Amino acid sequence: MARLSLWKGALLLSETEIPAQVTTQNAWVPVDTMASIIRHGEMQMNFTFANSSRTPATVRLTLFDKMGEEYKRWEQILPAFAQREWSLGDLFNVRKHRGTVRFWSDVPLAFSAQRVTRNMRGDTVENEIGYIDPAKLEGKTLEFPEISEGQGLATEILLINPWRETAAAQLTFFNSVGEPKEIILR
């Protein structure tokens, strides 16, 4: 994992962690470029693909709305040993959207999604947005090592159901010594 921080003297302006990812052929990514209490102003989603193989890859992205209905599709060939970055606007001609993107490729690729916005001071804030690979997820418990809250910090958790059937989830929060903790969800 890499942690990128932007400092102005002793003041931390923004920080993001980029988890090391293995290559994948199938992933679901939450997309939310709508203004909220946490994020203000214009937002942009960027998607980066890297093909380290000798085989050109067919890359297909499908955009879904917040109800899970297909909205648009995009497909392109990524040459062997190539890396490309496209924004949500480049891919689907949309700037404001709340939903998910499904990524599929016939060749394993390194894949990354970032949300870029500006804070109230005008500083650029870039967040690495995690994705799920349904094949690696089934029947597993997900654990988040830290939930930041208060003192100007917030954690956003987005739940994605990549299957056609209704899914159930349970969120349990614990404090630093492992005792159950109540958190206000907004």
# chains A, B, ... in the order shown; residues from 1 in each chain; ligands from 1
call {"tool": "residues_around", "arguments": {"residues": "Phe92 (chain A)", "least_positions_apart": "4", "cutoff": "9 Å", "atoms": "only C-alpha atoms", "output": "NGL selection string"}}
result
:A and (63 or 72-74 or 87-88)
call {"tool": "write_last_selection", "arguments": {"atoms": "N, CA and C atoms", "output": "mmCIF file, in the first residue's frame"}}
result
data_model
loop_
_atom_site.group_PDB
_atom_site.id
_atom_site.type_symbol
_atom_site.label_atom_id
_atom_site.label_comp_id
_atom_site.auth_asym_id
_atom_site.auth_seq_id
_atom_site.Cartn_x
_atom_site.Cartn_y
_atom_site.Cartn_z
ATOM 1 N N LEU A 63 -22.013 1.149 -17.093
ATOM 2 C CA LEU A 63 -22.436 2.105 -16.072
ATOM 3 C C LEU A 63 -23.860 1.782 -15.643
ATOM 4 N N LYS A 72 -25.330 2.870 -19.544
ATOM 5 C CA LYS A 72 -24.545 2.941 -20.783
ATOM 6 C C LYS A 72 -23.433 1.904 -20.748
ATOM 7 N N ARG A 73 -22.884 1.615 -21.957
ATOM 8 C CA ARG A 73 -21.733 0.702 -22.091
ATOM 9 C C ARG A 73 -20.626 1.361 -22.901
ATOM 10 N N TRP A 74 -19.418 0.914 -22.627
ATOM 11 C CA TRP A 74 -18.246 1.406 -23.344
ATOM 12 C C TRP A 74 -17.298 0.227 -23.528
ATOM 13 N N SER A 87 -11.700 9.421 -17.987
ATOM 14 C CA SER A 87 -12.620 9.923 -16.963
ATOM 15 C C SER A 87 -14.014 9.378 -17.236
ATOM 16 N N LEU A 88 -14.889 9.507 -16.244
ATOM 17 C CA LEU A 88 -16.289 9.108 -16.404
ATOM 18 C C LEU A 88 -16.910 9.865 -17.569
#
call {"tool": "closest_residue", "arguments": {"among": "A:Phe173, A:Trp7, A:Phe81, A:Tyr71", "to": "Val107 (chain A)", "atoms": "only C-alpha atoms"}}
result
A:Phe81
call {"tool": "residues_around", "arguments": {"residues": "Glu85 (chain A)", "least_positions_apart": "2", "cutoff": "9 Å", "atoms": "only C-alpha atoms", "output": "list in words"}}
result
Asn46, Phe47, Thr48, Phe49, Ala50, Gln83 and Ser87 of chain A
call {"tool": "closest_residue", "arguments": {"among": "A:Pro162, A:Asn175, A:Glu126, A:Gln170", "to": "Ile147 (chain A)", "atoms": "only C-alpha atoms"}}
result
A:Asn175
call {"tool": "select_by_dssp", "arguments": {"residues": "region 4-67 of chain A", "states": "strand (DSSP E or B)", "output": "ChimeraX atom specification"}}
result
/A:4-8,11-18,24-32,43-50,57-65
call {"tool": "closest_residue", "arguments": {"among": "A:Gly99, A:Gly130, A:Gly178, A:Gly41", "to": "Glu69 (chain A)", "atoms": "only C-alpha atoms"}}
result
A:Gly99
call {"tool": "select_by_dssp", "arguments": {"residues": "chain A", "states": "helix (DSSP H, G or I)", "output": "list in words"}}
result
Leu88, Gly89, Asp90, Leu91, Phe92, Pro134, Ala135, Lys136 and Leu137 of chain A
call {"tool": "write_last_selection", "arguments": {"atoms": "N, CA and C atoms", "output": "PDB file, in the first residue's frame"}}
result
ATOM      1  N   LEU A  88     -14.889   9.507 -16.244  1.00  0.00           N
ATOM      2  CA  LEU A  88     -16.289   9.108 -16.404  1.00  0.00           C
ATOM      3  C   LEU A  88     -16.910   9.865 -17.569  1.00  0.00           C
ATOM      4  N   GLY A  89     -16.571  11.149 -17.699  1.00  0.00           N
ATOM      5  CA  GLY A  89     -17.072  11.962 -18.805  1.00  0.00           C
ATOM      6  C   GLY A  89     -16.580  11.471 -20.157  1.00  0.00           C
ATOM      7  N   ASP A  90     -15.284  11.084 -20.234  1.00  0.00           N
ATOM      8  CA  ASP A  90     -14.731  10.549 -21.485  1.00  0.00           C
ATOM      9  C   ASP A  90     -15.453   9.267 -21.905  1.00  0.00           C
ATOM     10  N   LEU A  91     -15.716   8.419 -20.933  1.00  0.00           N
ATOM     11  CA  LEU A  91     -16.276   7.096 -21.221  1.00  0.00           C
ATOM     12  C   LEU A  91     -17.767   7.115 -21.526  1.00  0.00           C
ATOM     13  N   PHE A  92     -18.519   7.874 -20.722  1.00  0.00           N
ATOM     14  CA  PHE A  92     -19.975   7.791 -20.808  1.00  0.00           C
ATOM     15  C   PHE A  92     -20.653   9.134 -21.066  1.00  0.00           C
ATOM     16  N   PRO A 134     -16.257  -9.952  -7.637  1.00  0.00           N
ATOM     17  CA  PRO A 134     -17.240 -10.900  -7.092  1.00  0.00           C
ATOM     18  C   PRO A 134     -16.705 -12.319  -6.912  1.00  0.00           C
ATOM     19  N   ALA A 135     -15.805 -12.749  -7.779  1.00  0.00           N
ATOM     20  CA  ALA A 135     -15.274 -14.109  -7.676  1.00  0.00           C
ATOM     21  C   ALA A 135     -14.457 -14.291  -6.396  1.00  0.00           C
ATOM     22  N   LYS A 136     -13.844 -13.225  -5.907  1.00  0.00           N
ATOM     23  CA  LYS A 136     -13.012 -13.307  -4.705  1.00  0.00           C
ATOM     24  C   LYS A 136     -13.780 -12.930  -3.446  1.00  0.00           C
ATOM     25  N   LEU A 137     -15.034 -12.550  -3.587  1.00  0.00           N
ATOM     26  CA  LEU A 137     -15.798 -12.008  -2.470  1.00  0.00           C
ATOM     27  C   LEU A 137     -16.753 -12.997  -1.818  1.00  0.00           C
TER      28      LEU A 137
END
call {"tool": "residues_around", "arguments": {"residues": "Val22 (chain A)", "least_positions_apart": "6", "cutoff": "12 Å", "atoms": "only C-alpha atoms", "output": "PDB file with C-alpha atoms, in the first residue's frame"}}
result
ATOM      1  CA  MET A   1       0.000   0.000   0.000  1.00  0.00           C
ATOM      2  CA  ALA A  50      -2.559  -1.205 -17.392  1.00  0.00           C
ATOM      3  CA  SER A  52       1.322  -5.889 -18.747  1.00  0.00           C
ATOM      4  CA  PRO A 108      -6.080  -9.727 -16.524  1.00  0.00           C
ATOM      5  CA  LEU A 109      -5.356  -6.001 -16.088  1.00  0.00           C
ATOM      6  CA  ALA A 110      -4.217  -3.694 -13.314  1.00  0.00           C
ATOM      7  CA  PHE A 111      -7.192  -1.443 -12.629  1.00  0.00           C
ATOM      8  CA  SER A 112      -7.608   1.668 -10.517  1.00  0.00           C
ATOM      9  CA  TYR A 131     -13.410  -2.129  -6.046  1.00  0.00           C
ATOM     10  CA  ILE A 132     -14.740  -5.613  -5.492  1.00  0.00           C
ATOM     11  CA  ASP A 133     -14.132  -8.706  -7.573  1.00  0.00           C
ATOM     12  CA  LYS A 136     -13.012 -13.307  -4.705  1.00  0.00           C
TER      13      LYS A 136
END
call {"tool": "atom_distance", "arguments": {"atom1": "CA of Ala35 (chain A)", "atom2": "CA of Gln151 (chain A)"}}
result
20.6 Å
call {"tool": "residues_around", "arguments": {"residues": "Pro30 (chain A)", "least_positions_apart": "3", "cutoff": "7 Å", "atoms": "only C-alpha atoms", "output": "VMD selection string"}}
result
chain A and resid 99 to 101 158
call {"tool": "atom_distance", "arguments": {"atom1": "CA of Arg102 (chain A)", "atom2": "CA of Thr23 (chain A)"}}
result
15.2 Å
call {"tool": "residues_around", "arguments": {"residues": "Arg118 (chain A)", "least_positions_apart": "6", "cutoff": "8 Å", "atoms": "only C-alpha atoms", "output": "PyMOL selection string"}}
result
chain A and resi 40-43+124-125
call {"tool": "atom_distance", "arguments": {"atom1": "CA of Glu128 (chain A)", "atom2": "CA of Ala113 (chain A)"}}
result
6.0 Å
call {"tool": "residues_around", "arguments": {"residues": "Gln44 (chain A)", "least_positions_apart": "5", "cutoff": "9 Å", "atoms": "only C-alpha atoms", "output": "list in words"}}
result
Thr33, Ser87, Leu88, Gly89, Arg95, Lys96, Gln114, Arg115, Val116 and Thr117 of chain A
call {"tool": "closest_residue", "arguments": {"among": "A:Ile184, A:Met120, A:Val59, A:Leu171", "to": "Asn26 (chain A)", "atoms": "only C-alpha atoms"}}
result
A:Val59
